[in-house]
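Enquirer: One structure, as structure tokens, below. Some questions next.
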Amino acid sequence: MPFEFEKLSLDGLILIKPKMFIDKRGFFMETFKKSEFSSNGINCDFLQDNHSRSFKNVIRGIHFQKEPKAQSKLVRCVRGEIYDVAVDLRKESKTYLKWYGVKLSDENGFMLFIPKGFGHAFLVLSEEADVVYKCDEEYSPEHDCGIRYDDPSIGIKWGVSDPIVSEKDLKLPFLELK
């Protein structure tokens with residue numbers, strides 16, 4: 001089996017550890033195999049791939065799309081290292097507003113599967129990082145949403161005191177819990 005699938009504490013969130021074949025030439029690994037992903041509960045038809053490059057201390061997110069265009073994502077860092085975060089935004093979930101963070105890097109090859117109903121964000125730990133991710137729904141500007149990266153009701157521990165955040169992300173709302 002070229003993958004190890006680890007179900008995480010937030011229902012539906014899965015850490016995927018591909019088997020890397022390393023020798024003096026470099027490495028080889030499979031990054032997606034529909035049959036194996038499906039047999040481990042990931043039954044997505046991915047429709048769009050995205051690629052971003054960011055610099056040290058950049059935080060992107062917390063991003064998601066509303067129904068009916070909600071997205072599941074398969075996230076991987078192909079160059080550098082990031083702290084990748086998923087936030088459960090499913091109001092009916094027993095882990096609503098809980099978050100999970102994990103380091104993804106070109107060295108460990110780990111991938112994070114983030115199901116519909118979760119927000120996604122990451123912090124760049126290396127000097128530069130390239131992040132690629134598959135989505136099972138195409139980008140829809142009308143359904144594009146987000147929450148402030150530093151929302152106190154979520155309480156993500158970013159570990160950086162002066163992050164670089166886009167103007168768009170700084171304008172995202174805080175949750176207003178009642």
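Letters for chains follow the order of the structure tokens (A, B, ...), residue numbers begin at 1 for each chain, and ligand numbers begin at 1 in the order shown.
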Set the distance at 10 Å and use only C-alpha atoms: which residues neighbour Ile42 in chain A once local chain neighbours fewer than 2 positions away are removed? I'd like the list as a PyMOL selection string.
Expert: chain A and resi 12-14+34-40+44-45+72+74+113-115
Enquirer: Hey, can you spit out that residue selection with C-alpha atoms as a PDB file, in the first residue's frame?
Expert:
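The resulting file, part.pdb, is reproduced below:
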```pdb
ATOM      1  CA  GLY A  12     -13.730  13.397   8.378  1.00  0.00           C
ATOM      2  CA  LEU A  13     -10.249  14.930   8.651  1.00  0.00           C
ATOM      3  CA  ILE A  14      -7.575  12.489   7.419  1.00  0.00           C
ATOM      4  CA  LYS A  34      -8.572   6.938  -6.466  1.00  0.00           C
ATOM      5  CA  SER A  35      -9.059   3.279  -5.474  1.00  0.00           C
ATOM      6  CA  GLU A  36      -6.999   3.601  -2.274  1.00  0.00           C
ATOM      7  CA  PHE A  37      -8.456   6.953  -1.299  1.00  0.00           C
ATOM      8  CA  SER A  38     -11.991   5.639  -1.896  1.00  0.00           C
ATOM      9  CA  SER A  39     -11.399   2.511   0.196  1.00  0.00           C
ATOM     10  CA  ASN A  40     -10.279   4.814   3.027  1.00  0.00           C
ATOM     11  CA  CYS A  44     -14.235  12.804  -4.089  1.00  0.00           C
ATOM     12  CA  ASP A  45     -14.186  13.574  -7.744  1.00  0.00           C
ATOM     13  CA  SER A  72     -13.354  19.186   0.066  1.00  0.00           C
ATOM     14  CA  LEU A  74      -6.518  17.486  -0.497  1.00  0.00           C
ATOM     15  CA  PHE A 113      -7.733  15.714   3.462  1.00  0.00           C
ATOM     16  CA  ILE A 114     -10.177  18.428   4.551  1.00  0.00           C
ATOM     17  CA  PRO A 115     -13.856  17.577   3.993  1.00  0.00           C
TER      18      PRO A 115
END
```
Enquirer: Show me, as a PyMOL selection string, the residues that have an atom within 6 Å of range 83-99 of chain A when counting only C-alpha atoms, minus same-chain residues fewer than 6 positions from it.
Expert: chain A and resi 117-123+154
Enquirer: Using N, CA and C atoms, can you export the residues from the last selection as a PDB file, in the first residue's frame?
Expert:
```
ATOM      1  N   GLY A 117     -17.306  21.624   4.735  1.00  0.00           N
ATOM      2  CA  GLY A 117     -17.748  22.067   6.048  1.00  0.00           C
ATOM      3  C   GLY A 117     -16.621  22.506   6.957  1.00  0.00           C
ATOM      4  N   PHE A 118     -15.388  22.423   6.462  1.00  0.00           N
ATOM      5  CA  PHE A 118     -14.226  22.874   7.216  1.00  0.00           C
ATOM      6  C   PHE A 118     -13.656  24.133   6.584  1.00  0.00           C
ATOM      7  N   GLY A 119     -13.085  24.990   7.403  1.00  0.00           N
ATOM      8  CA  GLY A 119     -12.291  26.098   6.918  1.00  0.00           C
ATOM      9  C   GLY A 119     -10.843  25.646   6.830  1.00  0.00           C
ATOM     10  N   HIS A 120     -10.063  26.317   5.990  1.00  0.00           N
ATOM     11  CA  HIS A 120      -8.666  25.943   5.780  1.00  0.00           C
ATOM     12  C   HIS A 120      -7.781  27.174   5.834  1.00  0.00           C
ATOM     13  N   ALA A 121      -6.616  27.007   6.474  1.00  0.00           N
ATOM     14  CA  ALA A 121      -5.624  28.084   6.555  1.00  0.00           C
ATOM     15  C   ALA A 121      -4.250  27.448   6.699  1.00  0.00           C
ATOM     16  N   PHE A 122      -3.207  28.241   6.415  1.00  0.00           N
ATOM     17  CA  PHE A 122      -1.861  27.755   6.698  1.00  0.00           C
ATOM     18  C   PHE A 122      -0.913  28.913   6.954  1.00  0.00           C
ATOM     19  N   LEU A 123       0.161  28.579   7.687  1.00  0.00           N
ATOM     20  CA  LEU A 123       1.254  29.489   7.999  1.00  0.00           C
ATOM     21  C   LEU A 123       2.510  28.924   7.365  1.00  0.00           C
ATOM     22  N   ILE A 154     -12.114  30.683  17.937  1.00  0.00           N
ATOM     23  CA  ILE A 154     -11.452  29.469  17.428  1.00  0.00           C
ATOM     24  C   ILE A 154     -10.139  29.257  18.176  1.00  0.00           C
TER      25      ILE A 154
END
```
Enquirer: Which residue out of A:Asp162, A:Asp151, A:Asp144, A:Glu81 has the minimum interatomic distance to Glu127 in chain A when only C-alpha atoms are used?
Expert: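 Smallest distance to Glu127 in chain A is found for A:Glu81.
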Enquirer: Enumerate the residues of chain A with a DSSP assignment of alpha helix (DSSP H), computed from the backbone, and present them as a list of chain:residue names.
Expert: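 Listing alpha helix (DSSP H) positions across chain A yields A:Lys34, A:Ser35, A:Glu36, A:Phe37, A:Ser38, A:Ser39, A:Glu167, A:Lys168, A:Asp169, A:Leu170.
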Enquirer: Restricting it to N, CA, C and O atoms, dump the selection as a PDB file, in the first residue's frame.
Expert:
```pdb
ATOM      1  N   LYS A  34      -7.139   6.923  -6.754  1.00  0.00           N
ATOM      2  CA  LYS A  34      -8.572   6.938  -6.466  1.00  0.00           C
ATOM      3  C   LYS A  34      -9.036   5.694  -5.714  1.00  0.00           C
ATOM      4  O   LYS A  34      -9.782   5.815  -4.731  1.00  0.00           O
ATOM      5  N   SER A  35      -8.593   4.517  -6.113  1.00  0.00           N
ATOM      6  CA  SER A  35      -9.059   3.279  -5.474  1.00  0.00           C
ATOM      7  C   SER A  35      -8.665   3.232  -4.000  1.00  0.00           C
ATOM      8  O   SER A  35      -9.469   2.854  -3.148  1.00  0.00           O
ATOM      9  N   GLU A  36      -7.449   3.629  -3.675  1.00  0.00           N
ATOM     10  CA  GLU A  36      -6.999   3.601  -2.274  1.00  0.00           C
ATOM     11  C   GLU A  36      -7.660   4.692  -1.449  1.00  0.00           C
ATOM     12  O   GLU A  36      -8.031   4.476  -0.300  1.00  0.00           O
ATOM     13  N   PHE A  37      -7.798   5.875  -2.023  1.00  0.00           N
ATOM     14  CA  PHE A  37      -8.456   6.953  -1.299  1.00  0.00           C
ATOM     15  C   PHE A  37      -9.912   6.575  -1.029  1.00  0.00           C
ATOM     16  O   PHE A  37     -10.414   6.741   0.080  1.00  0.00           O
ATOM     17  N   SER A  38     -10.593   6.037  -2.039  1.00  0.00           N
ATOM     18  CA  SER A  38     -11.991   5.639  -1.896  1.00  0.00           C
ATOM     19  C   SER A  38     -12.159   4.565  -0.825  1.00  0.00           C
ATOM     20  O   SER A  38     -13.069   4.648   0.001  1.00  0.00           O
ATOM     21  N   SER A  39     -11.282   3.581  -0.805  1.00  0.00           N
ATOM     22  CA  SER A  39     -11.399   2.511   0.196  1.00  0.00           C
ATOM     23  C   SER A  39     -11.066   2.998   1.604  1.00  0.00           C
ATOM     24  O   SER A  39     -11.306   2.285   2.575  1.00  0.00           O
ATOM     25  N   GLU A 167      -4.696  41.921   2.617  1.00  0.00           N
ATOM     26  CA  GLU A 167      -5.767  42.863   2.948  1.00  0.00           C
ATOM     27  C   GLU A 167      -7.124  42.148   2.932  1.00  0.00           C
ATOM     28  O   GLU A 167      -7.964  42.385   3.796  1.00  0.00           O
ATOM     29  N   LYS A 168      -7.304  41.284   1.938  1.00  0.00           N
ATOM     30  CA  LYS A 168      -8.566  40.537   1.838  1.00  0.00           C
ATOM     31  C   LYS A 168      -8.801  39.716   3.099  1.00  0.00           C
ATOM     32  O   LYS A 168      -9.896  39.722   3.665  1.00  0.00           O
ATOM     33  N   ASP A 169      -7.769  39.004   3.557  1.00  0.00           N
ATOM     34  CA  ASP A 169      -7.926  38.157   4.742  1.00  0.00           C
ATOM     35  C   ASP A 169      -8.076  38.979   6.016  1.00  0.00           C
ATOM     36  O   ASP A 169      -8.758  38.560   6.952  1.00  0.00           O
ATOM     37  N   LEU A 170      -7.473  40.154   6.085  1.00  0.00           N
ATOM     38  CA  LEU A 170      -7.629  41.021   7.258  1.00  0.00           C
ATOM     39  C   LEU A 170      -9.057  41.580   7.355  1.00  0.00           C
ATOM     40  O   LEU A 170      -9.507  41.939   8.445  1.00  0.00           O
TER      41      LEU A 170
END
```
Enquirer: Can you tell me which residues surround Gly146 in chain A at a distance of at most 8 Å, considering only C-alpha atoms, apart from same-chain residues fewer than 4 positions away, and format the answer as a list in words?
Expert: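 Counting only C-alpha atoms, the residues come to Gly61, Ile62, His63, Phe64, Gln65, Gly119, Asp169, Leu172 and Pro173 of chain A.
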